[in-house]
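*Asks:* Below is a structure I'd like to ask you about.
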Amino acid sequence: MLLANYLRENKEDVKTRLQKKNFKQLELVDLIIDKDNDRKKIQNQLDENLAQGNKLAEQIGGLMKAGKKEEAAVLKTETAQLKEKSKELQTVLETCEKELHDMLVQLPNLPHDSVPQGITPAENEVVFSHGNIPKLHDKALPHWDLCSKYDIIDFELGVKLTGAGFPVYKGKGAKLQRALINFFLDKAAEAGYSEVQPPILVNADSGYGTGQLPDKEGQMYYVGMDDYYLIPTAEVPVTNIYRDLILKAEDLPIKNTAYTPCFRREAGSYGKDVRGLNRLHQFDKVEIVQIQHPDKSYETLEEMRQYVAGLLEQLNLPFRTLRLCGGDMSFASALTYDMEVYSAAQEKWLEVSSVSNFESFQANRLKLRYREGSNKPVLAHTLNGSALALPRIVAAILENNQTPDGIKVPEVLIKYLNFDMIN
RNA sequence: GGUGAGGUGCCUGAGAGGCCGAAAGGAACAGUUUGCUAAACUGUCGUACGGGUAACUGUACCGCGGGUUCGAAUCCCGCCCUCACCGCCA
């Protein structure tokens, strides 16, 4: 959520930047400023009314104590009118504030200057690529066939237990999952991230804090009996740890990592993109989250992006880094890098990580602030990234490393496994 | 699920209709003292939204929402949450 004051002070700049994000209702900016002006006016009136009432009440108190009951009674009649007026103004103010809020939450975050102009994924900018696209042997298979050939991931069995998109990992497949999770967590710890194990069900307040609610309500699994949501990403519980806090400037940056399963309904997804591991309802992910001083958040974003790239290099997967164009970015992000690995049998790029700087957009909702010395609290910047999401990494490993004799395990994972081939 | 207790500032905790944005202690911060550390002393020490160049100042907030009252942290009603014990159970 953006701040009304910021819009007022940077009106034209805000509009041009919103346009870059392919946001069309620019008139909303003016409406918000007007509404905020109304709000101030109403509050002024209300405050004045209440102040008068307070003053009268004080006088009445004094008179009562002095035993001047008649004089007090006269003043009492005055307060009755004031009270009615205040009540009226209060409702008007509440309506006004609600309308203002409802408009404010419709504005997406403003894109950073470096965000490329564009509307579709085709306009994303490739900023880095690494590794060679492997040449597979003649009988190479897509990962879903490899999964059943070596009996490591069973999609049909998942359907029996739950439904489509809930695979069962078996034998070496299950071990590979554990190895990847441990590898990612160990690397994050080395990079200074402190590990947390948060709940994977969260309440509505947390959903609002990171912005999944209200917009993406339909994408989360909901436990109605207790009013909880299954997390779509560890970002939700981990970032919400810091909701409603005022941190000290010297505590920044805060670096957390968490492994959690993630649950997404993926309502509206269909077709070839959902085959095999490409799109699941439940998947595993290690997330990195940072809370940073506004002056340093872009430095931090670059560092996080390098960190994720390093993981992919160590896994020996060909990948590329995209700087997302305005139209392809998420609502809350100011700058996002996507990492895509090449899946050689499917012959396509798969998104395995998204690293974003939200600036103060999330922090405003979270009321996550920091204080420098004895200054007023200031909104912090939040950043997060996948490091990494497992399924598509697994898909790429299986496909790219396949040989006629089996699938070679990436070297860095061998110490976590007691085998080097899936066969 | 049952019963009981309770939700006050960074923490502990007092306040029981006006003198309360809230005692006291602790923590933290700044200063004095000190060879260093510590101690002692002094001071500062909530947030939000307004007005004002500023000093300052208005309003709201004692879990949330309503009510009573000229006036509510304090009284009344409803809700939520936490803790303890019992039951059930990993």
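By order of appearance in the structure tokens: chains A, B, ..., then residues from 1 within every chain, and ligands from 1 in the order shown.
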Could you please select, counting only C-alpha atoms (C1' of nucleotides), the residues of chain B within 12 Å of chain A and state them as a list in words?

*Replies:* C10, G17, G18, C19, A28, C29, A30, U44, C45, G46, U47, A48, C49, G50, G51, G58, U59, A60, U69, C70 and G71 of chain B

*Asks:* So that I have them on file, write out the residues from the current selection with N, CA and C atoms (P, O5', C5', C4', C3', O3' and C1' of nucleotides), as a compact mmCIF listing (two decimals), in the first residue's frame.

*Replies:*
```
# COMPACT_ATOMS: atom_id res chain seq x y z
P C B 10 5.47 0.12 23.45
O5' C B 10 6.51 -0.97 23.96
C5' C B 10 7.10 -1.86 23.00
C4' C B 10 8.16 -2.68 23.68
C3' C B 10 7.74 -3.32 25.00
O3' C B 10 7.03 -4.53 24.78
C1' C B 10 9.85 -2.29 25.26
P G B 17 -14.13 3.81 41.68
O5' G B 17 -14.05 4.57 40.28
C5' G B 17 -14.30 5.92 40.30
C4' G B 17 -14.01 6.48 38.96
C3' G B 17 -13.83 7.98 38.98
O3' G B 17 -12.73 8.34 38.19
C1' G B 17 -15.49 7.36 37.42
P G B 18 -11.66 9.35 38.91
O5' G B 18 -11.76 10.65 38.00
C5' G B 18 -11.41 10.58 36.63
C4' G B 18 -11.42 11.96 36.00
C3' G B 18 -10.48 12.97 36.65
O3' G B 18 -9.91 13.73 35.59
C1' G B 18 -12.69 13.82 36.66
P C B 19 -8.52 13.37 35.06
O5' C B 19 -7.57 14.11 36.11
C5' C B 19 -6.92 15.32 35.79
C4' C B 19 -6.09 15.68 36.97
C3' C B 19 -5.31 14.52 37.57
O3' C B 19 -4.13 14.24 36.86
C1' C B 19 -6.34 15.76 39.28
P A B 28 20.25 -2.16 29.47
O5' A B 28 19.67 -1.19 28.34
C5' A B 28 19.33 -1.70 27.06
C4' A B 28 18.68 -0.62 26.23
C3' A B 28 19.49 0.66 26.09
O3' A B 28 20.46 0.56 25.08
C1' A B 28 17.26 1.19 26.67
P C B 29 21.89 1.26 25.32
O5' C B 29 21.56 2.79 25.04
C5' C B 29 21.10 3.20 23.75
C4' C B 29 20.61 4.62 23.82
C3' C B 29 21.58 5.63 24.41
O3' C B 29 22.58 6.04 23.50
C1' C B 29 19.44 5.97 25.34
P A B 30 24.05 6.39 24.07
O5' A B 30 23.82 7.85 24.68
C5' A B 30 23.53 8.95 23.83
C4' A B 30 23.26 10.18 24.65
C3' A B 30 24.34 10.55 25.66
O3' A B 30 25.42 11.25 25.08
C1' A B 30 22.22 10.63 26.71
P U B 44 13.31 14.47 32.04
O5' U B 44 13.61 13.71 30.67
C5' U B 44 13.91 14.45 29.49
C4' U B 44 14.25 13.50 28.36
C3' U B 44 13.18 12.47 28.06
O3' U B 44 12.14 12.99 27.27
C1' U B 44 15.29 11.42 28.15
P C B 45 10.64 12.52 27.62
O5' C B 45 10.66 11.00 27.15
C5' C B 45 11.10 10.63 25.84
C4' C B 45 11.33 9.16 25.78
C3' C B 45 10.18 8.31 26.27
O3' C B 45 9.22 8.18 25.26
C1' C B 45 12.19 7.49 27.19
P G B 46 7.71 8.52 25.54
O5' G B 46 7.11 7.77 24.27
C5' G B 46 7.81 6.66 23.77
C4' G B 46 6.81 5.70 23.20
C3' G B 46 6.14 6.19 21.93
O3' G B 46 6.97 5.94 20.83
C1' G B 46 4.50 5.36 23.39
P U B 47 6.95 6.90 19.60
O5' U B 47 5.64 6.45 18.83
C5' U B 47 5.51 5.12 18.37
C4' U B 47 4.10 4.86 17.94
C3' U B 47 3.51 5.86 16.96
O3' U B 47 3.94 5.63 15.63
C1' U B 47 1.93 5.43 18.65
P A B 48 3.97 6.83 14.62
O5' A B 48 2.42 7.00 14.28
C5' A B 48 1.72 5.94 13.64
C4' A B 48 0.26 6.28 13.56
C3' A B 48 -0.05 7.63 12.93
O3' A B 48 -0.05 7.54 11.52
C1' A B 48 -1.27 7.43 14.92
P C B 49 0.39 8.79 10.67
O5' C B 49 -0.91 9.70 10.72
C5' C B 49 -2.16 9.20 10.25
C4' C B 49 -3.26 10.15 10.64
C3' C B 49 -2.98 11.61 10.34
O3' C B 49 -3.19 11.91 8.97
C1' C B 49 -3.87 11.43 12.52
P G B 50 -2.49 13.16 8.35
O5' G B 50 -3.43 14.29 8.93
C5' G B 50 -2.86 15.48 9.40
C4' G B 50 -3.92 16.30 10.05
C3' G B 50 -3.52 17.75 10.26
O3' G B 50 -3.78 18.51 9.11
C1' G B 50 -4.27 16.85 12.30
P G B 51 -2.66 19.43 8.49
O5' G B 51 -2.65 20.63 9.53
C5' G B 51 -3.83 21.37 9.77
C4' G B 51 -3.60 22.40 10.83
C3' G B 51 -2.28 23.15 10.74
O3' G B 51 -2.32 24.20 9.79
C1' G B 51 -2.61 22.46 12.96
P G B 58 -3.32 21.02 23.75
O5' G B 58 -4.26 20.62 22.54
C5' G B 58 -5.40 21.39 22.23
C4' G B 58 -6.16 20.76 21.09
C3' G B 58 -6.57 19.31 21.31
O3' G B 58 -7.74 19.21 22.10
C1' G B 58 -5.59 19.51 19.19
P U B 59 -7.94 17.95 23.02
O5' U B 59 -8.20 16.81 21.95
C5' U B 59 -9.37 16.84 21.14
C4' U B 59 -9.33 15.72 20.14
C3' U B 59 -9.14 14.33 20.74
O3' U B 59 -10.35 13.82 21.27
C1' U B 59 -7.70 14.60 18.90
P A B 60 -10.29 12.83 22.52
O5' A B 60 -9.82 11.50 21.80
C5' A B 60 -10.67 10.88 20.83
C4' A B 60 -9.93 9.78 20.14
C3' A B 60 -9.35 8.71 21.06
O3' A B 60 -10.33 7.78 21.46
C1' A B 60 -7.73 9.34 19.47
P U B 69 -27.20 8.06 29.99
O5' U B 69 -25.99 8.76 30.73
C5' U B 69 -25.96 8.82 32.15
C4' U B 69 -24.65 9.39 32.62
C3' U B 69 -24.24 10.70 31.96
O3' U B 69 -24.91 11.81 32.54
C1' U B 69 -22.39 9.23 32.02
P C B 70 -25.47 12.93 31.59
O5' C B 70 -24.14 13.59 31.02
C5' C B 70 -24.23 14.54 29.96
C4' C B 70 -22.94 15.32 29.89
C3' C B 70 -21.68 14.48 29.90
O3' C B 70 -21.37 14.00 28.60
C1' C B 70 -21.46 16.22 31.46
P G B 71 -20.88 12.49 28.41
O5' G B 71 -19.52 12.48 29.23
C5' G B 71 -18.37 13.10 28.66
C4' G B 71 -17.22 13.03 29.61
C3' G B 71 -16.78 11.63 30.01
O3' G B 71 -15.94 11.06 29.03
C1' G B 71 -16.92 12.99 31.92
```

*Asks:* Assign secondary structure with DSSP using the backbone only, and return the residues of range 11-256 of chain A in helix (DSSP H, G or I) as a ChimeraX atom specification.

*Replies:* /A:11-20,27-66,69-104,121-123,143-149,155-161,172-190,204-209,217-219,235-240,249-251

*Asks:* Here is a test: counting only C-alpha atoms, which residue of A:Phe166, A:Leu335, A:Pro237, A:Glu299 is nearest to Gln282 in chain A?

*Replies:*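 With only C-alpha atoms as the atom set, the closest residue is A:Phe166.
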
*Asks:* Find the residues near Pro410 in chain A: any atom within 10 Å, counting only C-alpha atoms (C1' of nucleotides), skip ones fewer than 3 places away on the same chain, and give them as a PDB file with C-alpha atoms, in the first residue's frame.

*Replies:*
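Result went into result03.pdb, see below:
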```pdb
ATOM      1  CA  GLN A 314      26.504 -25.056  -7.815  1.00  0.00           C
ATOM      2  CA  LEU A 315      23.734 -27.359  -8.963  1.00  0.00           C
ATOM      3  CA  ASN A 316      25.191 -27.100 -12.435  1.00  0.00           C
ATOM      4  CA  LEU A 317      21.950 -26.059 -14.063  1.00  0.00           C
ATOM      5  CA  ILE A 397      18.040 -32.131 -12.727  1.00  0.00           C
ATOM      6  CA  ASN A 401      21.391 -35.130 -16.113  1.00  0.00           C
ATOM      7  CA  ILE A 407      20.347 -39.904 -13.776  1.00  0.00           C
ATOM      8  CA  LEU A 413      24.225 -33.133  -3.309  1.00  0.00           C
ATOM      9  CA  ILE A 414      26.207 -36.351  -3.075  1.00  0.00           C
ATOM     10  CA  ASP A 420      25.382 -40.593  -7.068  1.00  0.00           C
ATOM     11  CA  MET A 421      23.026 -42.128  -9.610  1.00  0.00           C
TER      12      MET A 421
END
```

*Asks:* Would you kindly return, as a list of chain:residue names, each protein, DNA or RNA residue with an atom no farther than 12 Å from any atom of G2 in chain B, considering only C-alpha atoms (C1' of nucleotides) and excluding same-chain residues fewer than 2 positions away?

*Replies:* B:G4, B:C85, B:C86, B:G87, B:C88

*Asks:* Can you list every residue in range 223-411 of chain A that DSSP puts in strand (DSSP E), as a PyMOL selection string?

*Replies:* chain A and resi 223+228-230+246-248+254-263+282-292+319-323+335-343+348-357+369-371+378-379+381-389+402-403+406-408

*Asks:* Could you write out that same residue set with C-alpha atoms as a PDB file, in the first residue's frame?

*Replies:*
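File out.pdb, as written:
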```
ATOM      1  CA  VAL A 223      -9.400 -24.052   6.821  1.00  0.00           C
ATOM      2  CA  TYR A 228      -6.805 -20.348   9.008  1.00  0.00           C
ATOM      3  CA  TYR A 229      -5.045 -20.303   5.652  1.00  0.00           C
ATOM      4  CA  LEU A 230      -2.422 -22.723   4.362  1.00  0.00           C
ATOM      5  CA  ILE A 246       9.528  -0.897  15.518  1.00  0.00           C
ATOM      6  CA  LEU A 247      13.052  -2.172  15.027  1.00  0.00           C
ATOM      7  CA  LYS A 248      16.271  -0.366  15.770  1.00  0.00           C
ATOM      8  CA  ILE A 254      17.368  -8.864   9.358  1.00  0.00           C
ATOM      9  CA  LYS A 255      17.988 -12.036   7.378  1.00  0.00           C
ATOM     10  CA  ASN A 256      15.776 -15.086   7.752  1.00  0.00           C
ATOM     11  CA  THR A 257      15.448 -18.318   5.883  1.00  0.00           C
ATOM     12  CA  ALA A 258      12.800 -20.980   6.189  1.00  0.00           C
ATOM     13  CA  TYR A 259      11.953 -24.264   4.617  1.00  0.00           C
ATOM     14  CA  THR A 260       8.221 -24.924   4.354  1.00  0.00           C
ATOM     15  CA  PRO A 261       5.851 -26.803   2.159  1.00  0.00           C
ATOM     16  CA  CYS A 262       3.766 -24.361   0.127  1.00  0.00           C
ATOM     17  CA  PHE A 263       0.151 -24.751  -0.889  1.00  0.00           C
ATOM     18  CA  GLN A 282       1.819 -28.674  -2.715  1.00  0.00           C
ATOM     19  CA  PHE A 283       5.532 -28.165  -3.113  1.00  0.00           C
ATOM     20  CA  ASP A 284       8.629 -27.548  -1.047  1.00  0.00           C
ATOM     21  CA  LYS A 285      10.560 -24.337  -0.991  1.00  0.00           C
ATOM     22  CA  VAL A 286      13.330 -22.655   0.928  1.00  0.00           C
ATOM     23  CA  GLU A 287      12.699 -18.952   1.150  1.00  0.00           C
ATOM     24  CA  ILE A 288      15.017 -16.087   2.042  1.00  0.00           C
ATOM     25  CA  VAL A 289      13.615 -12.893   3.545  1.00  0.00           C
ATOM     26  CA  GLN A 290      15.356  -9.662   4.403  1.00  0.00           C
ATOM     27  CA  ILE A 291      14.259  -6.542   6.182  1.00  0.00           C
ATOM     28  CA  GLN A 292      16.524  -3.709   5.224  1.00  0.00           C
ATOM     29  CA  PHE A 319      19.865 -20.701 -16.091  1.00  0.00           C
ATOM     30  CA  ARG A 320      19.084 -17.140 -16.960  1.00  0.00           C
ATOM     31  CA  THR A 321      18.101 -14.142 -14.905  1.00  0.00           C
ATOM     32  CA  LEU A 322      15.310 -11.879 -16.079  1.00  0.00           C
ATOM     33  CA  ARG A 323      14.484  -8.409 -14.967  1.00  0.00           C
ATOM     34  CA  LEU A 335      11.708  -4.640  -8.863  1.00  0.00           C
ATOM     35  CA  THR A 336      11.739  -8.376  -9.491  1.00  0.00           C
ATOM     36  CA  TYR A 337      14.306 -10.752 -10.895  1.00  0.00           C
ATOM     37  CA  ASP A 338      13.133 -14.154 -12.036  1.00  0.00           C
ATOM     38  CA  MET A 339      15.501 -17.080 -12.366  1.00  0.00           C
ATOM     39  CA  GLU A 340      14.710 -19.681 -14.949  1.00  0.00           C
ATOM     40  CA  VAL A 341      16.429 -23.006 -15.427  1.00  0.00           C
ATOM     41  CA  TYR A 342      16.479 -24.798 -18.721  1.00  0.00           C
ATOM     42  CA  SER A 343      14.638 -28.064 -18.752  1.00  0.00           C
ATOM     43  CA  LYS A 348      11.779 -24.800 -22.124  1.00  0.00           C
ATOM     44  CA  TRP A 349      12.708 -22.381 -19.383  1.00  0.00           C
ATOM     45  CA  LEU A 350      11.137 -22.959 -15.994  1.00  0.00           C
ATOM     46  CA  GLU A 351      10.839 -20.275 -13.338  1.00  0.00           C
ATOM     47  CA  VAL A 352      12.470 -21.497 -10.149  1.00  0.00           C
ATOM     48  CA  SER A 353      12.946 -18.289  -8.221  1.00  0.00           C
ATOM     49  CA  SER A 354      11.606 -14.811  -7.977  1.00  0.00           C
ATOM     50  CA  VAL A 355      13.593 -12.249  -6.021  1.00  0.00           C
ATOM     51  CA  SER A 356      11.866  -8.975  -5.244  1.00  0.00           C
ATOM     52  CA  ASN A 357      12.241  -5.699  -3.456  1.00  0.00           C
ATOM     53  CA  ARG A 369       9.190   0.197  10.961  1.00  0.00           C
ATOM     54  CA  TYR A 370      12.621   1.008  12.275  1.00  0.00           C
ATOM     55  CA  ARG A 371      13.907   3.908  14.275  1.00  0.00           C
ATOM     56  CA  VAL A 378      10.236   4.997   9.410  1.00  0.00           C
ATOM     57  CA  LEU A 379       8.871   2.176   7.260  1.00  0.00           C
ATOM     58  CA  HIS A 381      11.992  -2.184   3.193  1.00  0.00           C
ATOM     59  CA  THR A 382      11.170  -5.861   2.741  1.00  0.00           C
ATOM     60  CA  LEU A 383      12.701  -8.252   0.240  1.00  0.00           C
ATOM     61  CA  ASN A 384      12.336 -11.904  -0.418  1.00  0.00           C
ATOM     62  CA  GLY A 385      13.279 -14.610  -2.814  1.00  0.00           C
ATOM     63  CA  SER A 386      12.953 -18.306  -3.403  1.00  0.00           C
ATOM     64  CA  ALA A 387      16.205 -20.083  -2.695  1.00  0.00           C
ATOM     65  CA  LEU A 388      14.856 -22.270  -4.075  1.00  0.00           C
ATOM     66  CA  ALA A 389      11.562 -23.900  -5.020  1.00  0.00           C
ATOM     67  CA  GLN A 402      19.822 -38.202 -17.651  1.00  0.00           C
ATOM     68  CA  THR A 403      22.086 -40.757 -19.332  1.00  0.00           C
ATOM     69  CA  GLY A 406      20.417 -43.400 -15.161  1.00  0.00           C
ATOM     70  CA  ILE A 407      20.347 -39.904 -13.776  1.00  0.00           C
ATOM     71  CA  LYS A 408      23.490 -38.320 -12.411  1.00  0.00           C
TER      72      LYS A 408
END
```

*Asks:* With a distance cut-off of 8 Å and only C-alpha atoms (C1' of nucleotides), select the neighbouring residues of Phe23 in chain A, excluding the residue or stretch itself and same-chain residues fewer than 4 positions from it, and output the selection as a PyMOL selection string.

*Replies:* chain A and resi 18-19+108

*Asks:* The selected residues should be written to file as a PDB file, in the first residue's frame (atoms: C-alpha atoms).

*Replies:*
```pdb
ATOM      1  CA  LEU A  18       2.059   3.582 -12.600  1.00  0.00           C
ATOM      2  CA  GLN A  19       1.765   3.640 -16.368  1.00  0.00           C
ATOM      3  CA  PRO A 108       0.079  -1.330  -7.163  1.00  0.00           C
TER       4      PRO A 108
END
```

*Asks:* Can you work out the spacing between CA of Arg264 in chain A and CA of Ser330 in chain A in Å, to one decimal?

*Replies:*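 If I compute the distance from CA of Arg264 in chain A to CA of Ser330 in chain A, I get 16.3 Å.
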
*Asks:* Could you pull the residues within 12 Å of A84 in chain B, counting only C-alpha atoms (C1' of nucleotides), minus those fewer than 6 positions along the same chain, as a tab-separated table (two decimals) with N, CA and C atoms (P, O5', C5', C4', C3', O3' and C1' of nucleotides), in the first residue's frame?

*Replies:*
```tsv
chain	number	residue	atom	x	y	z
B	3	U	P	-18.00	-24.73	31.54
B	3	U	O5'	-16.95	-24.57	32.73
B	3	U	C5'	-17.22	-25.10	34.02
B	3	U	C4'	-16.00	-25.02	34.89
B	3	U	C3'	-15.45	-23.62	35.13
B	3	U	O3'	-16.16	-22.89	36.11
B	3	U	C1'	-13.67	-25.07	34.58
B	4	G	P	-16.27	-21.30	35.97
B	4	G	O5'	-14.80	-20.83	36.38
B	4	G	C5'	-14.39	-20.90	37.74
B	4	G	C4'	-12.91	-20.69	37.84
B	4	G	C3'	-12.38	-19.32	37.46
B	4	G	O3'	-12.56	-18.36	38.48
B	4	G	C1'	-11.02	-20.96	36.47
B	5	A	P	-12.71	-16.80	38.08
B	5	A	O5'	-11.22	-16.40	37.69
B	5	A	C5'	-10.20	-16.37	38.69
B	5	A	C4'	-8.86	-16.10	38.06
B	5	A	C3'	-8.75	-14.78	37.30
B	5	A	O3'	-8.50	-13.68	38.16
B	5	A	C1'	-7.87	-16.52	35.98
B	6	G	P	-9.09	-12.24	37.76
B	6	G	O5'	-8.25	-11.88	36.45
B	6	G	C5'	-6.87	-11.59	36.54
B	6	G	C4'	-6.22	-11.67	35.20
B	6	G	C3'	-6.51	-10.54	34.23
B	6	G	O3'	-5.79	-9.38	34.58
B	6	G	C1'	-6.50	-12.60	33.08
```
